There are 2 protein chains.
Amino acid sequence: MFEELINNQDSWLNGKGPESEIVFSSRIRLARNIDTLPFPSRASDIQKDSILKRIKEEYSNVRMLKKSNFVDMEELSELDSQLLLERHLVSQEHILAGKGKGVILAQDERISIMINEEDHLRMQAIASGFDLKKCWQILDSIDNDFSKKISFSFLPDLGYLTSCPTNLGTGMRASCMMHLPALILTKRINKILELLARISFTTRGLFGEGTQALGDFFQISNQVSLGLSEDELIDNLIGVVNQVKDQEMDARDILLKRYKPSLEDSVGRALGILKNCRLINSKEALSHLSILSLGLDLGIIKNADLSSTGQGKELINSLFIMIQPAHLQKIESKSLKEKERDYIRAEILRNKLKV
Amino acid sequence: MFEELINNQDSWLNGKGPESEIVFSSRIRLARNIDTLPFPSRASDIQKDSILKRIKEEYSNVRMLKKSNFVDMEELSELDSQLLLERHLVSQEHILAGKGKGVILAQDERISIMINEEDHLRMQAIASGFDLKKCWQILDSIDNDFSKKISFSFLPDLGYLTSCPTNLGTGMRASCMMHLPALILTKRINKILELLARISFTTRGLFGEGTQALGDFFQISNQVSLGLSEDELIDNLIGVVNQVKDQEMDARDILLKRYKPSLEDSVGRALGILKNCRLINSKEALSHLSILSLGLDLGIIKNADLSSTGQGKELINSLFIMIQPAHLQKIESKSLKEKERDYIRAEILRNKLKV
């Protein structure tokens with residue numbers, strides 16, 4: 001399955017959205033639970049199956065999901081599950097074994113709806129660049145359409161009820177994936193992460209909870225979902241992301257003004273290694289791609305240095321995902337050991353970056 | 001001075017001699033002292049000046065020195081002294097301040113004769129590749145010619161007298177500069193160095209006593225100069241060098257058979273970094289050049305990957321020396337701080353390796 005995903009140029013991963021130099025992508029998810037049934041953690045296998053069946057019956061009435069794929073997670077190979085994870089379409093938790101798990105994918109991966117993850121429904125909309133309002137528009141429409149057919153657990157005082165109390169209220173988590181290489185190079189990042197934690201924003205790595213800041217990516221999201229309206233939560237996040245963006249831009253200015261030779265050296269070396277290596281793990285590759293991306297943003301290298309079609313930035317963005325283990329195995333149509341992946345990864349990088 | 005040295009393609013540094021893949025160069029030096037005068041360490045400034053003057057009068061009668069330059073070390077700038085050191089034409093000790101120091105250079109840097117270093121005369125012949133006999137031929141002829149005019153300190157029982165007792169007897173030290181990257185990569189080098197020490201051979205780095213094995217170069221020389229004839233000393237060294245050479249070839253075979261992908265990766269990365277860096281210190285540059293040289297020897301990269309004129313190996317060999325601090329400053333015709341040298345070094349490497 002999913003062969004078409006690997007080459008999908010229209011996905012949110014192309015990094016073509018507004019202000020995408022620093023804000024790689026925006027994402028909102030809503031948690032919802034059917035009011036007559038227990039949360040997945042408490043539900044029996046039969047109950048979970050009935051939830052899956054119920055959603056399967058209803059989703060085609062949701063306008064935003066007219067053209068979509070319904071996937072039963074149990075029918076997926078491990079590799080395909082991993083592929084969905086690498087493309088941010090399902091969570092780590094959702095690819096673990098379990099009954100009644102499903103996912104609905106729509107609109108070129110911009111919409112994904114997990115069934116029987118931590119809640120009955122985890123509805124996600126992603127947009128390229130800094131575009132939380134668009135995500136909210138989509139999700140609000142989906143939520144409204146589902147609500148016409150399904151009664152969700154809701155209490156007037158508390159709002160939507162969710163499996164984990166941190167999601168109570170709106171059931172919403174909004175996040176932006178930010179690319180912050182200059183804050184890392186200038187060693188200012190920790191201060192900013194501390195500040196974000198203090199004002200109740202969570203930061204995670206490229207692949208969600210518990211992952212490191214691979215490739216200098218940080219996902220910033222609201223920790224609280226109770227006591228504020230959806231619009232307020234989104235506006236708060238927009239404010240915070242703008243501030244972090246300004247800090248990153250400031251750090252980039254400093255790099256250019258004070259450390260240009262070192263920066264040019266790092267960018268050159270990153271390009272030299274990616275174009276010539278024969279074995280490379282994904283962490284190292286992400287780190288070099290991150291520096292190349294910064295180099296492009298700052299005009300140290302040109303699009304033409306990376307791509308004969310002049311699409312340097314799009315190429316880098318696609319490589320961030322394409323070099324992940326499941327993607328490599330999907331491209332090669334077979335399972336690969338770690339060392340084999342390092343070899344194929346290097347080959348792909350060399351070939352893609354050959355100008 | 002010495003502007004012509006920098007671009008001298010005919011010097012022993014071109015690495016074109018016999019078996020030069022592993023034996024980069026061969027060198028012999030003879031220590032001699034004039035019998036009526038004290039060793040330099042005991043001589044007064046006036047005595048040292050008279051030694052210098054004496055040699056200056058006599059050297060033009062030496063056939064091998066017909067076309068040569070006589071250089072008074074006191075008249076050299078610090079930069080020019082350093083340049084001679086980097087080209088292995090004088091020793092560390094010889095460029096320190098001191099009266100009456102001189103050097104005679106002849107035959108495209110294949111001959112250098114230090115005056116008032118540790119001994120009155122330190123006569124050196126270097127050849128590209130594995131060619132100790134040629135060095136000995138040259139030195140024997142020079143020694144004979146000098147002996148017709150100058151009476152050297154010599155005792156029938158002890159042979160030639162020298163300032164340091166380790167040089168007593170023949171006054172000869174013969175050495176080969178070996179490039180042993182595979183013994184380092186396979187971690188076999190230490191065992192070999194221990195063995196060499198046990199059979200009384202000394203190993204040093206690229207720039208003589210006390211220097212590390214920069215660029216994977218090891219200079220192997222006899223420790224004893226007493227009790228054996230010159231020919232025996234040379235034959236012993238030839239035997240030892242041949243054994244080390246076999247070990248290195250064996251290690252290269254193993255790398256090719258068992259570790260080819262890693263080796264290709266290292267060679268590719270070395271090339272990628274050298275072609276794209278903007279700041280690089282000399283230690284790092286030497287290490288990458290060493291791997292490129294190995295890559296060429298093993299056919300992992302082709303001459304044409306390095307040089308548009310197909311002279312890849314010669315280019316690498318010249319770069320080993322050209323990227324040294326004094327050479328860089330000579331090329332730029334000005335004194336350079338460390339960071340500036342790193343910048344110029346990277347520029348030269350990028351330009352030279354641009355194919």
# chains A, B, ... in the order shown; residues from 1 in each chain; ligands from 1
$ closest_atom_pairs --of "region 90-172 of chain B" --to "region 30-54 of chain B" --cutoff "9 Å" --atoms "only C-alpha atoms" --output "Markdown table"
| residue | atom | partner | partner_atom | distance |
| --- | --- | --- | --- | --- |
| B:Gly98 | CA | B:Asp45 | CA | 8.5 |
| B:Lys99 | CA | B:Asp45 | CA | 5.8 |
| B:Gly100 | CA | B:Asp49 | CA | 4.6 |
| B:Lys101 | CA | B:Leu52 | CA | 7.0 |
| B:Gly102 | CA | B:Leu52 | CA | 6.8 |
| B:Ile115 | CA | B:Leu52 | CA | 6.5 |
| B:Asn116 | CA | B:Pro40 | CA | 5.6 |
| B:Glu117 | CA | B:Pro40 | CA | 7.0 |
| B:Glu118 | CA | B:Pro40 | CA | 6.2 |
| B:Asp119 | CA | B:Asn33 | CA | 5.9 |
| B:His120 | CA | B:Asn33 | CA | 4.9 |
| B:Leu121 | CA | B:Arg32 | CA | 5.0 |
| B:Arg122 | CA | B:Ala31 | CA | 4.7 |
| B:Met123 | CA | B:Leu30 | CA | 5.2 |
| B:Gln124 | CA | B:Leu30 | CA | 6.6 |
| B:Leu139 | CA | B:Leu30 | CA | 7.5 |
| B:Asp143 | CA | B:Leu30 | CA | 8.3 |
| B:Ile150 | CA | B:Ile34 | CA | 6.8 |
| B:Ser151 | CA | B:Ile34 | CA | 6.0 |
| B:Phe152 | CA | B:Ile34 | CA | 4.5 |
| B:Ser153 | CA | B:Asp35 | CA | 4.1 |
| B:Phe154 | CA | B:Asp35 | CA | 7.6 |
| B:Tyr160 | CA | B:Arg32 | CA | 7.0 |
| B:Leu161 | CA | B:Asn33 | CA | 7.1 |
| B:Thr162 | CA | B:Ala31 | CA | 6.7 |
| B:Ser163 | CA | B:Phe39 | CA | 6.0 |
| B:Asn167 | CA | B:Ala31 | CA | 7.3 |
| B:Leu168 | CA | B:Ala31 | CA | 8.8 |
| B:Thr170 | CA | B:Leu30 | CA | 7.5 |
| B:Gly171 | CA | B:Ala31 | CA | 4.7 |
| B:Met172 | CA | B:Leu30 | CA | 4.5 |
$ interface_residues --of "chain A" --to "chain B" --cutoff "10 Å" --atoms "only C-alpha atoms" --output "PyMOL selection string"
chain A and resi 261-280+339+343+346
$ write_last_selection --atoms "C-alpha atoms" --output "compact mmCIF listing (two decimals), in the first residue's frame"
# COMPACT_ATOMS: atom_id res chain seq x y z
CA PRO A 261 32.90 32.19 7.36
CA SER A 262 32.00 29.47 9.90
CA LEU A 263 28.48 29.35 8.56
CA GLU A 264 29.69 29.04 4.97
CA ASP A 265 32.07 26.33 6.13
CA SER A 266 29.27 24.37 7.82
CA VAL A 267 26.99 24.70 4.81
CA GLY A 268 29.79 23.67 2.44
CA ARG A 269 30.73 20.66 4.52
CA ALA A 270 27.10 19.56 4.85
CA LEU A 271 26.72 19.69 1.08
CA GLY A 272 30.07 17.99 0.51
CA ILE A 273 29.24 15.14 2.84
CA LEU A 274 25.72 14.57 1.53
CA LYS A 275 26.91 14.60 -2.07
CA ASN A 276 29.79 12.19 -1.42
CA CYS A 277 29.00 9.91 1.48
CA ARG A 278 28.36 6.20 1.00
CA LEU A 279 26.94 5.36 4.41
CA ILE A 280 24.92 7.74 6.54
CA LYS A 339 23.56 -0.83 7.53
CA TYR A 343 23.86 2.66 2.24
CA ALA A 346 23.55 7.80 1.06
$ select_by_dssp --residues "region 170-269 of chain A" --states "helix (DSSP H, G or I)" --output "PyMOL selection string"
chain A and resi 181-185+189-198+214-216+230-258+260-269
$ atom_distance --atom1 "CA of Ser282 (chain A)" --atom2 "CA of Ser335 (chain A)"
16.3 Å
$ atom_distance --atom1 "CA of Glu86 (chain A)" --atom2 "CA of Lys245 (chain A)"
24.9 Å
$ residues_around --residues "Gly205 (chain A)" --least-positions-apart "5" --cutoff "12 Å" --atoms "only C-alpha atoms" --output "list in words"
His88, Ser175, Cys176, Met177, Met178, His179, Leu180, Leu193, Gly210, Thr211, Gln212, Ala213, Leu214, Gly215, Asp216, Phe217, Phe218, Gln219, Ile220 and Ser221 of chain A
$ write_last_selection --atoms "all heavy atoms" --output "compact mmCIF listing (two decimals), in the first residue's frame"
# COMPACT_ATOMS: atom_id res chain seq x y z
N HIS A 88 3.84 11.57 9.58
CA HIS A 88 3.07 12.29 10.61
C HIS A 88 1.56 12.08 10.48
O HIS A 88 0.79 12.94 10.87
CB HIS A 88 3.39 13.80 10.58
CG HIS A 88 4.86 14.10 10.78
ND1 HIS A 88 5.37 14.59 11.95
CD2 HIS A 88 5.92 13.96 9.94
CE1 HIS A 88 6.68 14.75 11.82
NE2 HIS A 88 7.04 14.38 10.62
N SER A 175 -0.36 22.97 16.98
CA SER A 175 1.11 23.00 17.04
C SER A 175 1.70 23.53 15.74
O SER A 175 1.07 23.48 14.68
CB SER A 175 1.67 21.61 17.33
OG SER A 175 1.37 20.74 16.27
N CYS A 176 2.90 24.04 15.86
CA CYS A 176 3.67 24.42 14.68
C CYS A 176 5.01 23.72 14.73
O CYS A 176 5.64 23.64 15.78
CB CYS A 176 3.90 25.93 14.63
SG CYS A 176 2.39 26.82 14.22
N MET A 177 5.44 23.19 13.58
CA MET A 177 6.77 22.59 13.49
C MET A 177 7.71 23.68 13.00
O MET A 177 7.57 24.19 11.89
CB MET A 177 6.73 21.43 12.49
CG MET A 177 8.00 20.64 12.40
SD MET A 177 8.29 19.66 13.89
CE MET A 177 7.18 18.28 13.60
N MET A 178 8.63 24.05 13.88
CA MET A 178 9.52 25.16 13.54
C MET A 178 10.93 24.66 13.28
O MET A 178 11.42 23.75 13.96
CB MET A 178 9.54 26.19 14.68
CG MET A 178 8.17 26.72 15.00
SD MET A 178 8.25 28.15 16.14
CE MET A 178 8.81 29.45 15.02
N HIS A 179 11.59 25.27 12.32
CA HIS A 179 12.97 24.93 12.00
C HIS A 179 13.87 26.02 12.59
O HIS A 179 13.86 27.15 12.13
CB HIS A 179 13.15 24.84 10.48
CG HIS A 179 14.49 24.31 10.08
ND1 HIS A 179 15.28 24.90 9.12
CD2 HIS A 179 15.18 23.23 10.53
CE1 HIS A 179 16.40 24.20 9.00
NE2 HIS A 179 16.37 23.19 9.83
N LEU A 180 14.63 25.64 13.62
CA LEU A 180 15.34 26.64 14.40
C LEU A 180 16.86 26.41 14.46
O LEU A 180 17.47 26.42 15.53
CB LEU A 180 14.76 26.68 15.83
CG LEU A 180 13.24 26.88 15.92
CD1 LEU A 180 12.76 26.77 17.37
CD2 LEU A 180 12.81 28.22 15.33
N LEU A 193 13.35 27.41 25.12
CA LEU A 193 12.55 26.24 25.48
C LEU A 193 12.07 26.35 26.94
O LEU A 193 10.92 26.01 27.25
CB LEU A 193 13.35 24.95 25.28
CG LEU A 193 13.76 24.61 23.84
CD1 LEU A 193 14.50 23.27 23.78
CD2 LEU A 193 12.57 24.60 22.90
N GLY A 210 8.72 12.70 23.00
CA GLY A 210 9.88 11.89 23.36
C GLY A 210 10.97 11.85 22.31
O GLY A 210 12.02 11.29 22.55
N THR A 211 10.77 12.44 21.15
CA THR A 211 11.84 12.42 20.15
C THR A 211 12.69 13.67 20.29
O THR A 211 12.22 14.72 20.69
CB THR A 211 11.29 12.35 18.71
OG1 THR A 211 10.53 13.52 18.42
CG2 THR A 211 10.45 11.12 18.52
N GLN A 212 13.95 13.52 19.97
CA GLN A 212 14.89 14.64 20.06
C GLN A 212 14.62 15.67 18.97
O GLN A 212 13.86 15.42 18.05
CB GLN A 212 16.31 14.12 19.84
CG GLN A 212 16.91 13.41 21.01
CD GLN A 212 18.25 12.88 20.58
OE1 GLN A 212 18.31 11.98 19.76
NE2 GLN A 212 19.31 13.44 21.13
N ALA A 213 15.32 16.78 19.08
CA ALA A 213 15.17 17.83 18.08
C ALA A 213 15.96 17.49 16.83
O ALA A 213 16.87 18.19 16.43
CB ALA A 213 15.65 19.15 18.66
N LEU A 214 15.62 16.38 16.19
CA LEU A 214 16.31 15.94 14.98
C LEU A 214 16.19 17.01 13.90
O LEU A 214 15.12 17.59 13.71
CB LEU A 214 15.68 14.65 14.47
CG LEU A 214 15.92 13.40 15.31
CD1 LEU A 214 15.04 12.27 14.81
CD2 LEU A 214 17.39 13.00 15.25
N GLY A 215 17.28 17.25 13.19
CA GLY A 215 17.24 18.21 12.09
C GLY A 215 16.90 19.62 12.54
O GLY A 215 16.45 20.43 11.74
N ASP A 216 17.09 19.92 13.82
CA ASP A 216 16.80 21.25 14.37
C ASP A 216 15.33 21.63 14.29
O ASP A 216 14.99 22.82 14.24
CB ASP A 216 17.66 22.34 13.71
CG ASP A 216 19.15 22.00 13.73
OD1 ASP A 216 19.58 21.34 14.70
OD2 ASP A 216 19.86 22.38 12.80
N PHE A 217 14.44 20.64 14.24
CA PHE A 217 13.00 20.91 14.22
C PHE A 217 12.43 20.85 15.63
O PHE A 217 12.77 19.95 16.40
CB PHE A 217 12.27 19.88 13.35
CG PHE A 217 12.41 20.14 11.89
CD1 PHE A 217 13.28 19.40 11.12
CD2 PHE A 217 11.68 21.15 11.27
CE1 PHE A 217 13.43 19.64 9.77
CE2 PHE A 217 11.82 21.41 9.92
CZ PHE A 217 12.69 20.64 9.17
N PHE A 218 11.56 21.77 15.93
CA PHE A 218 10.87 21.78 17.21
C PHE A 218 9.39 21.97 16.96
O PHE A 218 8.99 22.90 16.25
CB PHE A 218 11.37 22.94 18.09
CG PHE A 218 12.79 22.77 18.53
CD1 PHE A 218 13.82 23.18 17.70
CD2 PHE A 218 13.09 22.17 19.74
CE1 PHE A 218 15.14 23.01 18.09
CE2 PHE A 218 14.41 22.01 20.13
CZ PHE A 218 15.44 22.42 19.31
N GLN A 219 8.59 21.10 17.56
CA GLN A 219 7.14 21.25 17.47
C GLN A 219 6.67 21.97 18.73
O GLN A 219 6.90 21.48 19.84
CB GLN A 219 6.51 19.86 17.37
CG GLN A 219 5.05 19.87 17.01
CD GLN A 219 4.39 18.56 17.39
OE1 GLN A 219 4.15 18.30 18.57
NE2 GLN A 219 4.11 17.74 16.41
N ILE A 220 6.06 23.10 18.56
CA ILE A 220 5.58 23.87 19.71
C ILE A 220 4.06 23.78 19.77
O ILE A 220 3.39 24.02 18.76
CB ILE A 220 6.02 25.35 19.59
CG1 ILE A 220 7.55 25.41 19.59
CG2 ILE A 220 5.44 26.19 20.73
CD1 ILE A 220 8.10 26.81 19.41
N SER A 221 3.54 23.41 20.93
CA SER A 221 2.08 23.26 21.01
C SER A 221 1.55 23.73 22.36
O SER A 221 2.30 23.86 23.33
CB SER A 221 1.69 21.79 20.79
OG SER A 221 2.22 21.00 21.82
$ select_by_dssp --residues "region 52-182 of chain A" --states "strand (DSSP E)" --output "compact mmCIF listing (two decimals) with N, CA, C and O atoms, in the first residue's frame"
# COMPACT_ATOMS: atom_id res chain seq x y z
N SER A 68 -11.51 9.92 0.35
CA SER A 68 -10.55 9.54 1.38
C SER A 68 -10.35 8.03 1.40
O SER A 68 -11.07 7.28 0.76
N ASN A 69 -9.36 7.62 2.14
CA ASN A 69 -9.08 6.19 2.30
C ASN A 69 -9.31 5.79 3.74
O ASN A 69 -8.80 6.43 4.65
N PHE A 70 -10.05 4.73 3.91
CA PHE A 70 -10.24 4.18 5.24
C PHE A 70 -9.26 3.00 5.38
O PHE A 70 -9.27 2.08 4.57
N VAL A 71 -8.43 3.06 6.40
CA VAL A 71 -7.42 2.02 6.58
C VAL A 71 -7.60 1.34 7.93
O VAL A 71 -7.65 1.99 8.97
N ASP A 72 -7.73 0.02 7.90
CA ASP A 72 -7.77 -0.76 9.14
C ASP A 72 -6.32 -1.03 9.56
O ASP A 72 -5.57 -1.66 8.82
N GLY A 102 -8.04 2.29 13.43
CA GLY A 102 -8.14 2.62 12.01
C GLY A 102 -7.66 4.04 11.78
O GLY A 102 -7.38 4.79 12.72
N VAL A 103 -7.53 4.38 10.51
CA VAL A 103 -7.18 5.77 10.18
C VAL A 103 -7.83 6.14 8.84
O VAL A 103 -7.89 5.31 7.93
N ILE A 104 -8.36 7.35 8.80
CA ILE A 104 -8.93 7.86 7.55
C ILE A 104 -7.97 8.93 7.03
O ILE A 104 -7.60 9.85 7.77
N LEU A 105 -7.57 8.81 5.78
CA LEU A 105 -6.63 9.78 5.19
C LEU A 105 -7.34 10.51 4.05
O LEU A 105 -8.00 9.87 3.23
N ALA A 106 -7.19 11.82 4.00
CA ALA A 106 -7.87 12.58 2.95
C ALA A 106 -7.06 13.80 2.54
O ALA A 106 -6.15 14.22 3.25
N ILE A 111 -5.38 15.73 5.88
CA ILE A 111 -6.31 15.31 6.92
C ILE A 111 -6.04 13.85 7.28
O ILE A 111 -5.87 13.00 6.40
N SER A 112 -5.95 13.59 8.58
CA SER A 112 -5.91 12.19 8.99
C SER A 112 -6.73 12.05 10.27
O SER A 112 -6.67 12.91 11.16
N ILE A 113 -7.51 10.99 10.33
CA ILE A 113 -8.37 10.78 11.50
C ILE A 113 -8.09 9.40 12.08
O ILE A 113 -8.37 8.37 11.45
N MET A 114 -7.47 9.39 13.25
CA MET A 114 -7.17 8.11 13.90
C MET A 114 -8.39 7.66 14.70
O MET A 114 -8.99 8.46 15.42
N ILE A 115 -8.70 6.40 14.59
CA ILE A 115 -9.82 5.83 15.33
C ILE A 115 -9.27 4.86 16.38
O ILE A 115 -8.40 4.03 16.07
N LEU A 121 -11.84 9.31 18.53
CA LEU A 121 -11.42 10.03 17.32
C LEU A 121 -10.31 11.01 17.65
O LEU A 121 -10.41 11.77 18.62
N ARG A 122 -9.26 10.94 16.86
CA ARG A 122 -8.21 11.96 16.92
C ARG A 122 -8.14 12.54 15.50
O ARG A 122 -7.59 11.90 14.60
N MET A 123 -8.75 13.71 15.33
CA MET A 123 -8.87 14.28 13.99
C MET A 123 -7.77 15.31 13.79
O MET A 123 -7.64 16.23 14.60
N GLN A 124 -7.00 15.17 12.73
CA GLN A 124 -5.84 16.04 12.52
C GLN A 124 -5.89 16.72 11.16
O GLN A 124 -6.20 16.10 10.16
N ALA A 125 -5.59 18.01 11.17
CA ALA A 125 -5.40 18.71 9.89
C ALA A 125 -4.02 19.36 9.91
O ALA A 125 -3.63 19.97 10.89
N ILE A 126 -3.28 19.16 8.84
CA ILE A 126 -1.94 19.76 8.75
C ILE A 126 -1.90 20.68 7.54
O ILE A 126 -2.50 20.40 6.50
N ALA A 127 -1.17 21.78 7.68
CA ALA A 127 -0.95 22.66 6.54
C ALA A 127 0.54 22.94 6.44
O ALA A 127 1.26 22.96 7.44
N SER A 128 0.96 23.15 5.24
CA SER A 128 2.34 23.56 5.02
C SER A 128 2.51 24.99 5.51
O SER A 128 1.62 25.81 5.35
N PHE A 154 -19.75 15.25 26.11
CA PHE A 154 -19.58 16.69 26.32
C PHE A 154 -20.33 17.07 27.59
O PHE A 154 -21.47 16.67 27.79
N LEU A 155 -19.70 17.85 28.47
CA LEU A 155 -20.38 18.38 29.65
C LEU A 155 -20.31 19.89 29.59
O LEU A 155 -19.25 20.45 29.29
N GLY A 159 -16.72 20.85 28.90
CA GLY A 159 -16.49 20.77 27.45
C GLY A 159 -16.37 19.31 27.04
O GLY A 159 -16.95 18.42 27.68
N TYR A 160 -15.61 19.05 26.01
CA TYR A 160 -15.46 17.69 25.52
C TYR A 160 -14.68 16.85 26.52
O TYR A 160 -13.68 17.29 27.08
N MET A 172 -8.56 20.15 21.98
CA MET A 172 -7.71 20.62 20.89
C MET A 172 -6.25 20.72 21.27
O MET A 172 -5.90 21.14 22.36
N ARG A 173 -5.41 20.32 20.36
CA ARG A 173 -4.00 20.66 20.46
C ARG A 173 -3.58 21.27 19.13
O ARG A 173 -3.80 20.69 18.07
N ALA A 174 -3.02 22.44 19.22
CA ALA A 174 -2.53 23.11 18.01
C ALA A 174 -1.02 23.16 18.10
O ALA A 174 -0.47 23.34 19.19
N SER A 175 -0.36 22.97 16.98
CA SER A 175 1.11 23.00 17.04
C SER A 175 1.70 23.53 15.74
O SER A 175 1.07 23.48 14.68
N CYS A 176 2.90 24.04 15.86
CA CYS A 176 3.67 24.42 14.68
C CYS A 176 5.01 23.72 14.73
O CYS A 176 5.64 23.64 15.78
N MET A 177 5.44 23.19 13.58
CA MET A 177 6.77 22.59 13.49
C MET A 177 7.71 23.68 13.00
O MET A 177 7.57 24.19 11.89
N MET A 178 8.63 24.05 13.88
CA MET A 178 9.52 25.16 13.54
C MET A 178 10.93 24.66 13.28
O MET A 178 11.42 23.75 13.96
N HIS A 179 11.59 25.27 12.32
CA HIS A 179 12.97 24.93 12.00
C HIS A 179 13.87 26.02 12.59
O HIS A 179 13.86 27.15 12.13
$ atom_distance --atom1 "CA of Leu294 (chain B)" --atom2 "CA of Glu21 (chain B)"
8.5 Å
$ residues_around --residues "Ile142 (chain B)" --least-positions-apart "6" --cutoff "9 Å" --atoms "only C-alpha atoms" --output "PDB file with N, CA, C and O atoms, in the first residue's frame"
ATOM      1  N   VAL B  62      82.693  20.818  -4.438  1.00  0.00           N
ATOM      2  CA  VAL B  62      81.962  19.543  -4.346  1.00  0.00           C
ATOM      3  C   VAL B  62      81.108  19.404  -5.612  1.00  0.00           C
ATOM      4  O   VAL B  62      80.293  20.280  -5.913  1.00  0.00           O
ATOM      5  N   ARG B  63      81.324  18.307  -6.341  1.00  0.00           N
ATOM      6  CA  ARG B  63      80.668  18.201  -7.660  1.00  0.00           C
ATOM      7  C   ARG B  63      79.138  18.261  -7.578  1.00  0.00           C
ATOM      8  O   ARG B  63      78.478  18.905  -8.374  1.00  0.00           O
ATOM      9  N   MET B  64      78.588  17.563  -6.600  1.00  0.00           N
ATOM     10  CA  MET B  64      77.128  17.509  -6.476  1.00  0.00           C
ATOM     11  C   MET B  64      76.533  18.872  -6.094  1.00  0.00           C
ATOM     12  O   MET B  64      75.320  19.050  -6.137  1.00  0.00           O
ATOM     13  N   LEU B  65      77.406  19.772  -5.656  1.00  0.00           N
ATOM     14  CA  LEU B  65      76.888  21.072  -5.197  1.00  0.00           C
ATOM     15  C   LEU B  65      77.232  22.205  -6.169  1.00  0.00           C
ATOM     16  O   LEU B  65      77.181  23.378  -5.810  1.00  0.00           O
ATOM     17  N   MET B 123      74.571  16.593   6.374  1.00  0.00           N
ATOM     18  CA  MET B 123      74.373  16.515   4.924  1.00  0.00           C
ATOM     19  C   MET B 123      73.220  15.558   4.632  1.00  0.00           C
ATOM     20  O   MET B 123      73.227  14.411   5.078  1.00  0.00           O
TER      21      MET B 123
END
$ residues_around --residues "Asp305 (chain B)" --least-positions-apart "5" --cutoff "10 Å" --atoms "only C-alpha atoms" --output "compact mmCIF listing (two decimals) with all heavy atoms, in the first residue's frame"
# COMPACT_ATOMS: atom_id res chain seq x y z
N LEU B 271 36.76 13.67 0.26
CA LEU B 271 36.71 14.48 -0.95
C LEU B 271 35.64 15.56 -0.83
O LEU B 271 35.88 16.73 -1.17
CB LEU B 271 36.42 13.57 -2.16
CG LEU B 271 36.46 14.24 -3.53
CD1 LEU B 271 37.82 14.89 -3.78
CD2 LEU B 271 36.17 13.22 -4.64
N LEU B 296 42.94 6.68 -3.94
CA LEU B 296 43.56 6.62 -5.27
C LEU B 296 44.34 5.33 -5.44
O LEU B 296 44.21 4.63 -6.44
CB LEU B 296 44.52 7.79 -5.45
CG LEU B 296 43.97 9.11 -5.98
CD1 LEU B 296 45.10 10.12 -6.05
CD2 LEU B 296 43.34 8.93 -7.36
N GLY B 310 44.54 14.83 -14.74
CA GLY B 310 44.78 13.41 -14.49
C GLY B 310 45.96 13.13 -13.57
O GLY B 310 46.40 12.00 -13.43
N GLN B 311 46.48 14.17 -12.93
CA GLN B 311 47.63 14.00 -12.04
C GLN B 311 47.18 14.00 -10.58
O GLN B 311 47.72 14.73 -9.76
CB GLN B 311 48.64 15.13 -12.25
CG GLN B 311 49.07 15.35 -13.69
CD GLN B 311 50.00 14.25 -14.18
OE1 GLN B 311 51.06 14.03 -13.61
NE2 GLN B 311 49.59 13.53 -15.20
N GLY B 312 46.21 13.17 -10.27
CA GLY B 312 45.62 13.19 -8.93
C GLY B 312 46.62 12.95 -7.82
O GLY B 312 46.66 13.67 -6.83
N LEU B 353 41.14 21.14 -6.05
CA LEU B 353 40.39 19.88 -6.22
C LEU B 353 39.14 20.07 -7.07
O LEU B 353 38.36 19.15 -7.25
CB LEU B 353 40.02 19.30 -4.85
CG LEU B 353 41.20 18.75 -4.05
CD1 LEU B 353 40.81 18.50 -2.61
CD2 LEU B 353 41.73 17.46 -4.68
N LYS B 354 38.96 21.26 -7.58
CA LYS B 354 37.80 21.48 -8.46
C LYS B 354 38.10 20.82 -9.80
O LYS B 354 39.05 21.17 -10.47
CB LYS B 354 37.55 22.98 -8.63
CG LYS B 354 36.24 23.28 -9.33
CD LYS B 354 36.06 24.78 -9.48
CE LYS B 354 35.61 25.42 -8.18
NZ LYS B 354 35.69 26.88 -8.22
N VAL B 355 37.30 19.86 -10.16
CA VAL B 355 37.56 19.17 -11.43
C VAL B 355 36.57 19.66 -12.47
O VAL B 355 35.39 19.77 -12.18
CB VAL B 355 37.44 17.65 -11.27
CG1 VAL B 355 37.65 16.97 -12.60
CG2 VAL B 355 38.44 17.15 -10.26
$ residues_around --residues "Gln223 (chain B)" --least-positions-apart "3" --cutoff "8 Å" --atoms "only C-alpha atoms" --output "PyMOL selection string"
chain B and resi 166+173+200-202
$ closest_residue --among "B:Ile184, B:Leu233, B:Ile95, B:Ile189" --to "Ile28 (chain B)" --atoms "only C-alpha atoms"
B:Leu233
